[in-house]
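Data block for query-v9.tsv (TSV, C-alpha atoms):
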```
chain	number	residue	atom	x	y	z
E	1	MET	CA	74.90	127.38	110.27
E	2	ALA	CA	73.28	124.73	108.13
E	3	GLU	CA	76.27	123.43	106.19
E	4	SER	CA	79.41	123.00	108.21
E	5	LYS	CA	82.48	124.36	106.55
E	6	GLU	CA	85.53	122.50	105.36
E	7	LEU	CA	88.35	122.24	107.88
E	8	GLN	CA	91.72	123.58	106.86
E	9	ALA	CA	94.97	122.23	108.18
E	10	LYS	CA	96.86	124.76	110.23
E	11	GLU	CA	100.56	124.80	110.83
E	12	LYS	CA	101.32	124.34	114.52
E	13	GLN	CA	102.71	127.52	116.02
E	14	THR	CA	105.85	127.27	118.08
E	15	VAL	CA	106.14	129.22	121.30
E	16	PRO	CA	108.37	132.28	121.00
E	17	ASP	CA	111.50	131.66	123.03
E	18	VAL	CA	111.10	133.77	126.12
E	19	VAL	CA	112.70	131.36	128.53
E	20	GLU	CA	114.77	128.56	127.11
E	21	GLN	CA	113.95	124.97	127.92
E	22	THR	CA	116.42	122.81	129.76
E	23	ARG	CA	115.35	119.86	127.66
E	24	PRO	CA	115.58	120.24	123.91
E	25	GLY	CA	112.53	119.78	121.77
E	26	LEU	CA	109.78	121.73	120.11
E	27	VAL	CA	107.13	123.59	122.07
E	28	PHE	CA	103.82	124.55	120.52
E	29	THR	CA	101.02	126.87	121.56
E	30	PRO	CA	97.74	124.99	121.74
E	31	ASP	CA	94.70	126.52	120.03
E	32	VAL	CA	92.24	127.71	122.67
E	33	ASP	CA	88.71	128.88	123.10
E	34	ILE	CA	88.07	131.08	126.11
E	35	PHE	CA	84.67	132.25	127.16
E	36	GLU	CA	83.29	133.89	130.22
E	37	THR	CA	79.98	133.91	132.00
E	38	ASP	CA	79.03	135.81	135.14
E	39	HIS	CA	80.24	132.97	137.30
E	40	ASP	CA	83.17	131.37	135.58
E	41	ILE	CA	85.74	131.45	132.82
E	42	THR	CA	86.05	128.35	130.65
E	43	LEU	CA	89.11	127.50	128.65
E	44	LEU	CA	89.29	124.77	126.01
E	45	ALA	CA	92.69	123.84	124.62
E	46	ASP	CA	93.59	121.38	121.86
E	47	MET	CA	96.52	119.27	122.96
E	48	PRO	CA	96.49	116.13	120.81
E	49	GLY	CA	98.84	113.35	121.81
E	50	VAL	CA	99.06	114.36	125.46
E	51	SER	CA	98.00	111.83	128.11
E	52	THR	CA	95.79	112.94	130.98
E	53	GLU	CA	98.57	112.54	133.55
E	54	ASP	CA	100.92	114.73	131.53
E	55	VAL	CA	98.67	117.79	131.57
E	56	ASN	CA	99.86	120.48	133.96
E	57	ILE	CA	97.83	123.46	135.07
E	58	ASP	CA	99.20	126.15	137.29
E	59	LEU	CA	97.65	129.37	138.52
E	60	LYS	CA	99.90	131.76	140.36
E	61	ASP	CA	99.76	135.51	140.79
E	62	GLY	CA	97.00	135.81	138.25
E	63	VAL	CA	98.94	133.92	135.58
E	64	LEU	CA	97.44	130.70	134.30
E	65	THR	CA	99.93	128.28	132.78
E	66	ILE	CA	98.85	125.22	130.86
E	67	SER	CA	101.34	122.71	129.56
E	68	GLY	CA	101.33	119.18	128.23
E	69	ASP	CA	104.12	116.73	127.60
E	70	VAL	CA	104.00	114.43	124.62
E	71	LYS	CA	105.70	111.08	124.97
E	72	PRO	CA	107.58	109.72	121.99
E	73	TRP	CA	105.46	107.36	119.96
E	74	GLY	CA	105.84	103.63	120.05
E	75	ASP	CA	106.92	102.89	116.50
E	76	THR	CA	110.19	104.79	116.56
E	77	ALA	CA	111.91	101.95	114.71
E	78	ALA	CA	109.89	102.80	111.63
E	79	SER	CA	111.43	105.10	109.06
E	80	ASP	CA	109.84	108.37	107.94
E	81	VAL	CA	108.04	108.53	104.63
E	82	LEU	CA	106.24	111.87	104.90
E	83	ILE	CA	106.31	114.32	107.78
E	84	GLU	CA	103.77	117.13	107.73
E	85	PHE	CA	103.57	118.00	111.39
E	86	ASP	CA	106.05	118.04	114.21
E	87	ILE	CA	105.57	116.64	117.68
E	88	GLY	CA	106.41	118.51	120.83
E	89	LYS	CA	105.21	119.88	124.11
E	90	TYR	CA	102.38	122.34	124.49
E	91	TYR	CA	102.73	125.46	126.56
E	92	ARG	CA	100.70	128.61	126.95
E	93	GLN	CA	100.18	131.29	129.55
E	94	PHE	CA	97.34	133.71	130.18
E	95	THR	CA	96.88	136.56	132.61
E	96	LEU	CA	93.56	136.50	134.34
E	97	SER	CA	92.02	139.77	135.31
E	98	ASP	CA	89.43	138.33	137.69
E	99	ALA	CA	89.99	136.68	141.03
E	100	ILE	CA	89.55	132.91	140.70
E	101	GLU	CA	88.54	130.47	143.39
E	102	GLN	CA	91.55	128.20	143.19
E	103	GLU	CA	90.01	125.30	145.10
E	104	LYS	CA	87.07	125.02	142.76
E	105	ILE	CA	88.98	124.88	139.48
E	106	ASP	CA	87.74	121.95	137.46
E	107	ALA	CA	89.86	120.35	134.76
E	108	LYS	CA	88.88	117.58	132.36
E	109	PHE	CA	90.90	116.06	129.57
E	110	GLU	CA	89.12	114.17	126.86
E	111	ASP	CA	90.08	113.26	123.29
E	112	GLY	CA	93.10	115.54	123.40
E	113	VAL	CA	91.10	118.57	124.53
E	114	LEU	CA	91.57	120.20	127.92
E	115	ARG	CA	88.50	121.77	129.46
E	116	LEU	CA	89.23	124.07	132.33
E	117	VAL	CA	86.50	125.77	134.32
E	118	LEU	CA	87.72	128.59	136.52
E	119	PRO	CA	85.00	129.81	138.89
E	120	LYS	CA	85.20	133.48	139.73
E	121	ALA	CA	85.63	134.44	143.36
E	122	GLU	CA	82.57	135.88	145.06
E	123	LYS	CA	83.81	139.43	144.94
E	124	ALA	CA	84.42	139.26	141.20
E	125	VAL	CA	80.88	138.23	140.35
E	126	PRO	CA	79.17	141.36	139.06
E	127	ARG	CA	76.34	142.60	141.20
E	128	LYS	CA	73.70	144.83	139.85
E	129	ILE	CA	73.09	147.77	142.07
E	130	THR	CA	69.79	149.40	141.66
E	131	VAL	CA	69.72	153.09	142.22
E	132	THR	CA	66.55	154.27	143.78
E	133	ALA	CA	65.38	157.80	143.52
E	134	GLY	CA	65.69	159.47	146.88
U	1	MET	CA	143.92	104.64	98.92
U	2	VAL	CA	142.23	107.98	98.83
U	3	ALA	CA	139.51	106.65	96.59
U	4	ARG	CA	138.88	103.74	98.87
U	5	ARG	CA	138.60	105.93	101.92
U	6	MET	CA	136.04	108.05	100.16
U	7	ILE	CA	133.99	105.01	99.33
U	8	ASN	CA	134.20	103.77	102.87
U	9	PHE	CA	133.10	107.12	104.21
U	10	PRO	CA	129.77	106.75	106.01
U	11	PHE	CA	126.94	107.27	103.64
U	12	MET	CA	125.77	110.83	104.09
U	13	GLY	CA	122.98	110.73	101.53
U	14	TRP	CA	119.51	112.09	102.09
U	15	PRO	CA	117.49	109.79	104.28
U	16	HIS	CA	114.46	110.48	102.12
U	17	PRO	CA	113.71	113.17	99.61
U	18	PHE	CA	110.71	114.67	101.41
U	19	SER	CA	112.51	115.76	104.54
U	20	GLU	CA	115.12	117.62	102.57
U	21	MET	CA	112.49	119.29	100.44
U	22	GLU	CA	110.46	120.16	103.51
U	23	ARG	CA	113.48	121.61	105.23
U	24	MET	CA	114.20	123.73	102.18
U	25	ALA	CA	110.59	124.78	102.00
U	26	LYS	CA	110.68	125.81	105.65
U	27	GLN	CA	113.78	127.84	105.01
U	28	MET	CA	112.13	129.48	102.03
U	29	ASP	CA	109.18	130.24	104.26
U	30	TRP	CA	111.38	131.83	106.77
U	31	LEU	CA	113.05	133.94	104.09
U	32	THR	CA	109.85	135.05	102.45
U	33	SER	CA	107.72	135.43	105.56
U	34	GLY	CA	108.98	138.96	106.02
U	35	ILE	CA	107.77	139.92	102.56
U	36	PHE	CA	104.50	138.09	102.32
U	37	GLY	CA	103.71	138.07	106.00
U	38	ARG	CA	102.43	134.54	105.99
U	39	PRO	CA	104.77	132.42	108.04
U	40	GLY	CA	103.77	128.82	108.28
U	41	ALA	CA	102.16	128.71	104.86
U	42	SER	CA	104.56	125.99	103.94
U	43	PHE	CA	105.18	125.36	100.28
U	44	PHE	CA	104.85	121.59	100.39
U	45	SER	CA	102.60	120.93	103.31
U	46	ALA	CA	99.04	120.30	102.25
U	47	ARG	CA	96.37	122.67	103.43
U	48	VAL	CA	93.92	119.80	103.59
U	49	PHE	CA	93.00	118.71	107.09
U	50	PRO	CA	94.37	116.68	108.74
U	51	ALA	CA	98.13	116.98	108.43
U	52	VAL	CA	99.60	113.47	108.42
U	53	ASN	CA	102.88	111.80	109.18
U	54	ILE	CA	103.60	108.54	107.40
U	55	LYS	CA	106.15	106.03	108.58
U	56	GLU	CA	106.93	102.53	107.48
U	57	ASP	CA	108.75	99.45	108.59
U	58	LYS	CA	109.16	96.08	106.91
U	59	GLU	CA	105.62	94.96	107.56
U	60	LYS	CA	103.46	98.03	107.87
U	61	TYR	CA	102.76	101.64	107.05
U	62	TYR	CA	101.88	103.88	109.96
U	63	VAL	CA	99.78	106.96	109.36
U	64	HIS	CA	99.46	109.49	112.19
U	65	ALA	CA	97.15	112.46	112.34
U	66	GLU	CA	96.16	114.86	115.06
U	67	LEU	CA	92.41	114.95	115.52
U	68	PRO	CA	91.78	116.67	118.85
U	69	GLY	CA	88.21	116.70	120.13
U	70	ILE	CA	86.99	114.27	117.50
U	71	LYS	CA	85.19	111.13	118.59
U	72	ALA	CA	86.13	107.82	117.04
U	73	ASP	CA	82.56	107.55	115.70
U	74	ASP	CA	83.04	110.75	113.72
U	75	VAL	CA	86.06	109.48	111.81
U	76	LYS	CA	85.76	107.29	108.73
U	77	LEU	CA	88.67	105.41	107.24
U	78	GLU	CA	88.80	103.65	103.90
U	79	VAL	CA	91.57	101.70	102.27
U	80	ASN	CA	91.38	101.27	98.54
U	81	GLY	CA	94.41	99.97	96.69
U	82	ARG	CA	97.22	102.35	97.63
U	83	ASN	CA	94.87	105.02	98.93
U	84	LEU	CA	93.82	105.71	102.48
U	85	THR	CA	90.90	108.08	102.93
U	86	ILE	CA	90.42	109.85	106.24
U	87	SER	CA	87.18	111.74	106.49
U	88	GLY	CA	84.86	112.95	109.17
U	89	GLU	CA	83.63	115.94	111.00
U	90	ARG	CA	84.88	117.92	113.93
U	91	LYS	CA	81.97	119.11	116.00
U	92	ILE	CA	82.24	121.84	118.58
U	93	HIS	CA	79.12	122.06	120.64
U	94	SER	CA	77.78	125.51	121.28
U	95	GLU	CA	78.24	126.57	124.84
U	96	ASN	CA	76.16	128.69	127.15
U	97	GLU	CA	74.49	131.35	125.05
U	98	LYS	CA	75.26	134.05	127.55
U	99	ALA	CA	78.97	133.30	127.40
U	100	LYS	CA	81.17	136.04	126.05
U	101	TYR	CA	84.00	134.73	123.93
U	102	HIS	CA	87.47	136.10	124.51
U	103	ARG	CA	89.18	133.79	122.06
U	104	LYS	CA	87.91	131.38	119.46
U	105	GLU	CA	90.82	129.64	117.81
U	106	ARG	CA	89.46	126.12	117.62
U	107	GLU	CA	87.58	125.34	114.46
U	108	ALA	CA	84.85	122.91	113.59
U	109	GLY	CA	83.99	121.48	110.21
U	110	LYS	CA	84.10	118.56	107.85
U	111	PHE	CA	87.23	117.08	106.45
U	112	SER	CA	88.25	114.50	103.91
U	113	ARG	CA	91.68	113.62	102.74
U	114	VAL	CA	93.04	110.92	100.46
U	115	ILE	CA	96.57	109.82	101.20
U	116	THR	CA	98.48	107.80	98.66
U	117	LEU	CA	100.79	105.32	100.30
U	118	PRO	CA	104.19	104.59	98.81
U	119	GLY	CA	103.15	101.05	97.97
U	120	GLU	CA	100.35	98.53	97.98
U	121	ALA	CA	98.26	98.20	101.14
U	122	ASP	CA	96.57	95.12	102.54
U	123	ALA	CA	93.02	96.32	103.21
U	124	THR	CA	92.28	93.26	105.35
U	125	ASN	CA	95.10	94.08	107.75
U	126	VAL	CA	94.37	97.58	109.02
U	127	ASP	CA	94.40	98.59	112.65
U	128	ALA	CA	93.27	102.07	113.66
U	129	LYS	CA	93.04	103.73	117.03
U	130	LEU	CA	92.25	107.22	118.25
U	131	VAL	CA	93.81	107.96	121.63
U	132	ASN	CA	93.96	111.43	123.18
U	133	GLY	CA	93.13	113.03	119.87
U	134	LEU	CA	95.90	111.22	118.04
U	135	LEU	CA	94.92	108.89	115.23
U	136	THR	CA	97.21	105.98	114.44
U	137	VAL	CA	96.47	103.77	111.47
U	138	ALA	CA	98.68	100.74	110.95
U	139	ILE	CA	98.26	99.29	107.48
U	140	GLY	CA	99.81	95.99	106.62
U	141	LYS	CA	101.87	95.58	103.50
U	142	PRO	CA	100.85	92.65	101.33
U	143	GLU	CA	103.28	89.76	101.25
U	144	THR	CA	104.44	90.74	97.77
U	145	ALA	CA	105.39	94.27	98.84
U	146	ARG	CA	107.52	93.28	101.82
U	147	PRO	CA	111.25	93.30	101.40
U	148	LYS	CA	112.75	89.85	101.19
U	149	GLN	CA	116.15	88.93	102.32
U	150	ILE	CA	118.05	86.95	99.80
U	151	ILE	CA	120.68	84.63	101.15
U	152	VAL	CA	123.90	84.65	99.23
U	153	ASN	CA	125.37	81.20	98.92
```

Translate the structure of the given file into C-alpha coordinates.
Amino acid sequence: MAESKELQAKEKQTVPDVVEQTRPGLVFTPDVDIFETDHDITLLADMPGVSTEDVNIDLKDGVLTISGDVKPWGDTAASDVLIEFDIGKYYRQFTLSDAIEQEKIDAKFEDGVLRLVLPKAEKAVPRKITVTAG
Amino acid sequence: MVARRMINFPFMGWPHPFSEMERMAKQMDWLTSGIFGRPGASFFSARVFPAVNIKEDKEKYYVHAELPGIKADDVKLEVNGRNLTISGERKIHSENEKAKYHRKEREAGKFSRVITLPGEADATNVDAKLVNGLLTVAIGKPETARPKQIIVN
(Lines of atoms letter the chains of each structure in order from A and count residues from 1; the text may use other names and numbers.)
(Lines give C-alpha, C1' and ligand atoms only; values in the text may rest on other atoms or scores of the structure.)
Protein backbone atom coordinates (compact mmCIF):
# COMPACT_ATOMS: atom_id res chain seq x y z
CA MET A 1 0.00 0.00 0.00
CA ALA A 2 2.06 2.88 -1.31
CA GLU A 3 -0.48 5.68 -1.23
CA SER A 4 -2.67 5.77 1.83
CA LYS A 5 -6.31 6.28 1.10
CA GLU A 6 -8.52 9.17 2.05
CA LEU A 7 -10.37 8.78 5.33
CA GLN A 8 -14.13 9.04 5.25
CA ALA A 9 -16.18 10.27 8.15
CA LYS A 10 -18.44 7.61 9.55
CA GLU A 11 -21.61 8.18 11.46
CA LYS A 12 -21.31 6.83 14.99
CA GLN A 13 -23.51 3.79 15.47
CA THR A 14 -25.75 3.71 18.49
CA VAL A 15 -26.11 0.51 20.47
CA PRO A 16 -29.39 -1.29 19.84
CA ASP A 17 -31.48 -1.06 22.99
CA VAL A 18 -31.32 -4.48 24.54
CA VAL A 19 -31.24 -3.36 28.12
CA GLU A 20 -32.25 0.17 28.89
CA GLN A 21 -29.89 2.49 30.71
CA THR A 22 -30.81 3.91 34.06
CA ARG A 23 -29.11 7.15 33.12
CA PRO A 24 -30.28 8.84 29.94
CA GLY A 25 -27.84 9.57 27.19
CA LEU A 26 -26.56 8.16 23.95
CA VAL A 27 -24.53 4.96 23.79
CA PHE A 28 -22.31 4.16 20.83
CA THR A 29 -20.55 1.03 19.66
CA PRO A 30 -16.83 1.67 19.31
CA ASP A 31 -15.12 0.54 16.10
CA VAL A 32 -12.85 -2.41 16.84
CA ASP A 33 -10.10 -4.47 15.35
CA ILE A 34 -9.77 -7.99 16.70
CA PHE A 35 -7.01 -10.33 15.78
CA GLU A 36 -5.78 -13.60 17.10
CA THR A 37 -2.46 -15.36 17.28
CA ASP A 38 -1.71 -18.78 18.73
CA HIS A 39 -1.17 -17.28 22.15
CA ASP A 40 -3.50 -14.35 22.51
CA ILE A 41 -6.40 -12.35 21.19
CA THR A 42 -5.89 -8.61 20.78
CA LEU A 43 -8.70 -6.11 20.66
CA LEU A 44 -8.32 -2.47 19.66
CA ALA A 45 -11.26 -0.15 20.20
CA ASP A 46 -11.66 3.52 19.27
CA MET A 47 -13.16 5.40 22.18
CA PRO A 48 -12.32 9.08 21.67
CA GLY A 49 -13.07 11.42 24.54
CA VAL A 50 -12.89 8.76 27.23
CA SER A 51 -10.35 9.18 30.04
CA THR A 52 -8.22 6.24 31.11
CA GLU A 53 -9.96 5.92 34.47
CA ASP A 54 -13.38 5.76 32.81
CA VAL A 55 -12.62 2.68 30.74
CA ASN A 56 -14.24 -0.47 32.08
CA ILE A 57 -13.42 -3.98 30.99
CA ASP A 58 -15.24 -7.00 32.27
CA LEU A 59 -14.90 -10.65 31.37
CA LYS A 60 -17.48 -13.00 32.79
CA ASP A 61 -18.79 -16.33 31.56
CA GLY A 62 -17.00 -15.94 28.27
CA VAL A 63 -18.53 -12.53 27.59
CA LEU A 64 -16.18 -9.60 27.25
CA THR A 65 -17.73 -6.22 27.95
CA ILE A 66 -15.94 -2.98 27.19
CA SER A 67 -17.41 0.36 28.10
CA GLY A 68 -16.26 3.93 28.43
CA ASP A 69 -17.87 6.96 30.00
CA VAL A 70 -17.48 10.36 28.42
CA LYS A 71 -17.56 13.33 30.73
CA PRO A 72 -19.32 16.46 29.55
CA TRP A 73 -16.92 18.92 28.01
CA GLY A 74 -15.72 22.02 29.75
CA ASP A 75 -17.15 24.74 27.54
CA THR A 76 -20.81 23.96 28.08
CA ALA A 77 -21.58 27.66 28.37
CA ALA A 78 -20.79 28.07 24.69
CA SER A 79 -23.66 27.91 22.23
CA ASP A 80 -23.81 25.42 19.35
CA VAL A 81 -22.99 26.56 15.85
CA LEU A 82 -22.69 23.24 14.02
CA ILE A 83 -23.13 19.76 15.43
CA GLU A 84 -22.02 16.86 13.26
CA PHE A 85 -21.40 14.19 15.85
CA ASP A 86 -23.02 13.32 19.14
CA ILE A 87 -21.27 12.54 22.39
CA GLY A 88 -22.09 9.58 24.56
CA LYS A 89 -20.89 6.46 26.24
CA TYR A 90 -19.28 3.55 24.46
CA TYR A 91 -20.41 0.01 25.04
CA ARG A 92 -19.81 -3.27 23.29
CA GLN A 93 -19.87 -6.95 24.15
CA PHE A 94 -18.19 -9.95 22.58
CA THR A 95 -18.42 -13.65 23.25
CA LEU A 96 -15.07 -15.33 23.42
CA SER A 97 -14.82 -18.89 22.29
CA ASP A 98 -11.43 -19.59 23.85
CA ALA A 99 -10.53 -19.84 27.49
CA ILE A 100 -8.68 -16.68 28.59
CA GLU A 101 -6.21 -16.33 31.42
CA GLN A 102 -8.00 -13.63 33.34
CA GLU A 103 -5.05 -12.63 35.51
CA LYS A 104 -2.83 -11.92 32.55
CA ILE A 105 -5.18 -9.62 30.63
CA ASP A 106 -3.33 -6.49 29.68
CA ALA A 107 -5.14 -3.25 28.92
CA LYS A 108 -3.66 0.01 27.68
CA PHE A 109 -5.44 3.20 26.77
CA GLU A 110 -3.68 5.72 24.61
CA ASP A 111 -4.93 8.56 22.40
CA GLY A 112 -8.52 7.38 22.74
CA VAL A 113 -7.73 3.82 21.67
CA LEU A 114 -8.07 0.85 23.98
CA ARG A 115 -5.66 -2.00 23.42
CA LEU A 116 -6.61 -5.19 25.15
CA VAL A 117 -4.45 -8.29 25.04
CA LEU A 118 -6.20 -11.43 26.19
CA PRO A 119 -3.77 -14.34 26.60
CA LYS A 120 -5.26 -17.73 25.88
CA ALA A 121 -5.24 -20.29 28.65
CA GLU A 122 -2.75 -23.11 28.28
CA LYS A 123 -5.31 -25.65 27.22
CA ALA A 124 -6.60 -23.42 24.43
CA VAL A 125 -3.22 -23.01 22.78
CA PRO A 126 -3.24 -25.32 19.77
CA ARG A 127 -0.78 -28.15 19.94
CA LYS A 128 0.37 -29.92 16.90
CA ILE A 129 0.20 -33.64 17.30
CA THR A 130 2.38 -35.57 15.02
CA VAL A 131 1.07 -38.90 13.94
CA THR A 132 3.74 -41.46 13.53
CA ALA A 133 3.29 -44.50 11.43
CA GLY A 134 3.06 -47.53 13.64
CA MET B 1 -54.51 41.60 26.62
CA VAL B 2 -54.38 38.49 24.52
CA ALA B 3 -51.91 40.07 22.16
CA ARG B 4 -49.68 41.11 24.99
CA ARG B 5 -49.66 37.67 26.50
CA MET B 6 -48.63 36.21 23.19
CA ILE B 7 -45.76 38.62 22.95
CA ASN B 8 -44.67 37.84 26.47
CA PHE B 9 -44.76 34.14 25.79
CA PRO B 10 -41.26 32.69 26.14
CA PHE B 11 -39.47 32.78 22.86
CA MET B 12 -39.79 29.35 21.34
CA GLY B 13 -37.82 30.07 18.18
CA TRP B 14 -35.17 27.81 16.74
CA PRO B 15 -31.97 28.06 18.71
CA HIS B 16 -30.02 27.86 15.47
CA PRO B 17 -30.99 26.77 12.00
CA PHE B 18 -28.55 23.87 11.72
CA SER B 19 -29.91 21.80 14.56
CA GLU B 20 -33.41 21.95 13.19
CA MET B 21 -32.21 21.03 9.73
CA GLU B 22 -30.10 18.23 11.13
CA ARG B 23 -33.00 16.90 13.13
CA MET B 24 -35.16 16.93 10.02
CA ALA B 25 -32.41 15.26 8.04
CA LYS B 26 -32.13 12.55 10.68
CA GLN B 27 -35.85 11.99 10.52
CA MET B 28 -35.69 11.78 6.75
CA ASP B 29 -32.90 9.27 7.14
CA TRP B 30 -34.96 7.22 9.42
CA LEU B 31 -37.87 7.30 6.99
CA THR B 32 -35.83 6.44 3.95
CA SER B 33 -33.42 3.99 5.54
CA GLY B 34 -35.88 1.18 4.97
CA ILE B 35 -35.94 1.89 1.24
CA PHE B 36 -32.35 2.70 0.53
CA GLY B 37 -30.84 0.61 3.27
CA ARG B 38 -28.27 3.18 4.21
CA PRO B 39 -29.05 4.44 7.67
CA GLY B 40 -26.65 7.01 8.95
CA ALA B 41 -25.91 8.48 5.54
CA SER B 42 -27.13 11.77 6.82
CA PHE B 43 -28.22 14.35 4.29
CA PHE B 44 -26.37 17.28 5.79
CA SER B 45 -23.47 15.75 7.61
CA ALA B 46 -20.29 15.94 5.60
CA ARG B 47 -18.62 12.72 4.58
CA VAL B 48 -15.25 14.38 4.94
CA PHE B 49 -13.24 13.23 7.92
CA PRO B 50 -13.27 14.37 10.64
CA ALA B 51 -16.79 15.22 11.72
CA VAL B 52 -16.68 18.46 13.70
CA ASN B 53 -18.75 20.24 16.29
CA ILE B 54 -18.45 24.01 16.42
CA LYS B 55 -19.45 26.09 19.40
CA GLU B 56 -18.95 29.72 20.22
CA ASP B 57 -19.08 32.11 23.10
CA LYS B 58 -18.44 35.84 23.24
CA GLU B 59 -14.70 35.54 22.86
CA LYS B 60 -13.96 32.33 21.04
CA TYR B 61 -14.98 29.63 18.62
CA TYR B 62 -14.48 26.07 19.77
CA VAL B 63 -14.00 23.34 17.20
CA HIS B 64 -14.12 19.72 18.39
CA ALA B 65 -13.25 16.65 16.41
CA GLU B 66 -12.76 13.02 17.30
CA LEU B 67 -9.36 11.78 16.20
CA PRO B 68 -8.78 8.48 18.00
CA GLY B 69 -5.36 6.92 17.67
CA ILE B 70 -3.85 9.96 16.01
CA LYS B 71 -0.74 11.52 17.49
CA ALA B 72 -0.57 15.27 17.92
CA ASP B 73 2.42 15.30 15.54
CA ASP B 74 0.28 13.83 12.79
CA VAL B 75 -2.31 16.61 12.90
CA LYS B 76 -1.82 19.92 11.12
CA LEU B 77 -3.96 22.96 11.78
CA GLU B 78 -4.08 26.16 9.79
CA VAL B 79 -6.11 29.29 10.31
CA ASN B 80 -6.56 31.53 7.32
CA GLY B 81 -9.13 34.30 7.50
CA ARG B 82 -12.38 32.57 8.39
CA ASN B 83 -11.10 29.13 7.47
CA LEU B 84 -9.68 26.46 9.72
CA THR B 85 -7.95 23.56 7.99
CA ILE B 86 -7.53 20.28 9.82
CA SER B 87 -5.37 17.80 8.01
CA GLY B 88 -3.22 14.84 8.83
CA GLU B 89 -2.94 11.14 8.65
CA ARG B 90 -4.22 8.31 10.75
CA LYS B 91 -1.68 5.54 10.85
CA ILE B 92 -2.47 2.03 11.98
CA HIS B 93 0.65 0.01 12.38
CA SER B 94 0.58 -3.47 10.99
CA GLU B 95 0.51 -6.08 13.68
CA ASN B 96 2.00 -9.52 13.92
CA GLU B 97 1.94 -11.02 10.45
CA LYS B 98 0.71 -14.33 11.72
CA ALA B 99 -2.32 -12.72 13.34
CA LYS B 100 -5.67 -13.72 11.95
CA TYR B 101 -8.11 -10.85 11.83
CA HIS B 102 -11.62 -11.41 13.10
CA ARG B 103 -12.73 -7.82 12.67
CA LYS B 104 -11.19 -4.81 11.02
CA GLU B 105 -13.42 -1.81 11.48
CA ARG B 106 -10.83 0.83 12.24
CA GLU B 107 -9.52 2.64 9.21
CA ALA B 108 -6.30 4.40 8.42
CA GLY B 109 -5.68 7.11 5.88
CA LYS B 110 -5.11 10.75 5.16
CA PHE B 111 -7.59 13.47 5.82
CA SER B 112 -7.99 17.14 5.16
CA ARG B 113 -10.94 19.33 5.88
CA VAL B 114 -11.54 23.05 5.62
CA ILE B 115 -14.07 24.45 8.05
CA THR B 116 -15.49 27.89 7.51
CA LEU B 117 -16.18 29.64 10.77
CA PRO B 118 -19.23 31.85 11.16
CA GLY B 119 -17.05 34.93 11.50
CA GLU B 120 -13.53 36.29 11.45
CA ALA B 121 -10.87 34.40 13.39
CA ASP B 122 -7.81 35.77 15.14
CA ALA B 123 -5.00 33.56 13.83
CA THR B 124 -2.64 34.77 16.57
CA ASN B 125 -4.96 33.55 19.31
CA VAL B 126 -5.46 29.85 18.65
CA ASP B 127 -5.11 27.15 21.25
CA ALA B 128 -5.30 23.49 20.24
CA LYS B 129 -5.05 20.33 22.25
CA LEU B 130 -5.50 16.65 21.54
CA VAL B 131 -6.45 14.67 24.63
CA ASN B 132 -7.66 11.07 24.56
CA GLY B 133 -8.29 11.27 20.85
CA LEU B 134 -10.41 14.39 21.15
CA LEU B 135 -9.20 17.51 19.39
CA THR B 136 -10.22 20.87 20.82
CA VAL B 137 -9.31 24.04 18.97
CA ALA B 138 -10.15 27.33 20.63
CA ILE B 139 -9.94 30.21 18.19
CA GLY B 140 -10.16 33.75 19.43
CA LYS B 141 -12.50 36.21 17.80
CA PRO B 142 -10.87 39.48 16.81
CA GLU B 143 -11.88 42.49 18.86
CA THR B 144 -14.05 43.78 16.03
CA ALA B 145 -16.10 40.57 15.85
CA ARG B 146 -16.95 40.36 19.54
CA PRO B 147 -20.36 41.49 20.63
CA LYS B 148 -20.34 44.79 22.44
CA GLN B 149 -22.73 45.80 25.07
CA ILE B 150 -24.17 49.20 24.52
CA ILE B 151 -25.27 51.05 27.60
CA VAL B 152 -28.54 52.83 27.26
CA ASN B 153 -28.52 56.18 28.98

*asked:* What's around U:Arg146 at 10 Å? Count all atoms listed in the file, leave out sequence neighbours fewer than 6 positions away in its own chain, and write the answer as a ChimeraX atom specification.
replied: /U:57-60,119-120,140

Can I get the residues of chain E within 6 Å of chain U, each with the closest pair of atoms and their distance in Å to one decimal, using all atoms listed in the file, sorted chain first then ascending number, as a Markdown table?
```
| residue | atom | partner | partner_atom | distance |
| --- | --- | --- | --- | --- |
| E:Ser4 | CA | U:Gly109 | CA | 5.2 |
| E:Lys5 | CA | U:Gly109 | CA | 4.9 |
| E:Glu6 | CA | U:Lys110 | CA | 4.9 |
| E:Leu7 | CA | U:Gly109 | CA | 5.0 |
| E:Gln8 | CA | U:Phe49 | CA | 5.0 |
| E:Ala9 | CA | U:Phe49 | CA | 4.2 |
| E:Glu11 | CA | U:Gly40 | CA | 5.7 |
| E:Asp31 | CA | U:Glu105 | CA | 5.5 |
| E:Val32 | CA | U:Glu105 | CA | 5.4 |
| E:Asp33 | CA | U:Lys104 | CA | 4.5 |
| E:Ile34 | CA | U:Arg103 | CA | 5.0 |
| E:Phe35 | CA | U:Tyr101 | CA | 4.1 |
| E:Glu36 | CA | U:Lys100 | CA | 5.1 |
| E:Thr37 | CA | U:Ala99 | CA | 4.7 |
| E:Asp46 | CA | U:Pro68 | CA | 5.9 |
| E:Pro48 | CA | U:Gly133 | CA | 4.7 |
| E:Gly49 | CA | U:Leu134 | CA | 5.2 |
| E:Ala78 | CA | U:Asp57 | CA | 4.7 |
| E:Ser79 | CA | U:Lys55 | CA | 5.4 |
| E:Asp80 | CA | U:Lys55 | CA | 4.4 |
| E:Val81 | CA | U:Lys55 | CA | 5.0 |
| E:Leu82 | CA | U:Ile54 | CA | 4.9 |
| E:Ile83 | CA | U:Asn53 | CA | 4.5 |
| E:Glu84 | CA | U:Val52 | CA | 5.6 |
| E:Asp111 | CA | U:Asn132 | CA | 4.3 |
| E:Gly112 | CA | U:Asn132 | CA | 4.2 |
| E:Val113 | CA | U:Gly69 | CA | 5.6 |
```

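The shortest atom-to-atom distance to E:Val70, with only C-alpha atoms taken into account, belongs to E:Gly25 out of E:Ala45, E:Asp38, E:Gly25, E:Ile57.
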
_Interatomic distance, atom CA of U:Pro142 to atom CA of E:Ala77 (Å, one decimal)_ = 19.7 Å

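Pairwise distance (atom CA of U:Val137, atom CA of U:Ala123) equals 11.6 Å.
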
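If you look at atom CA of E:Leu116 and atom CA of E:Val27, they are 20.6 Å away from each other.
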
*Protein and nucleic acid residues near (93.3, 97.5, 113.8) (cut-off 9 Å, all atoms listed in the file) as a ChimeraX atom specification*: /U:125-129,137-139
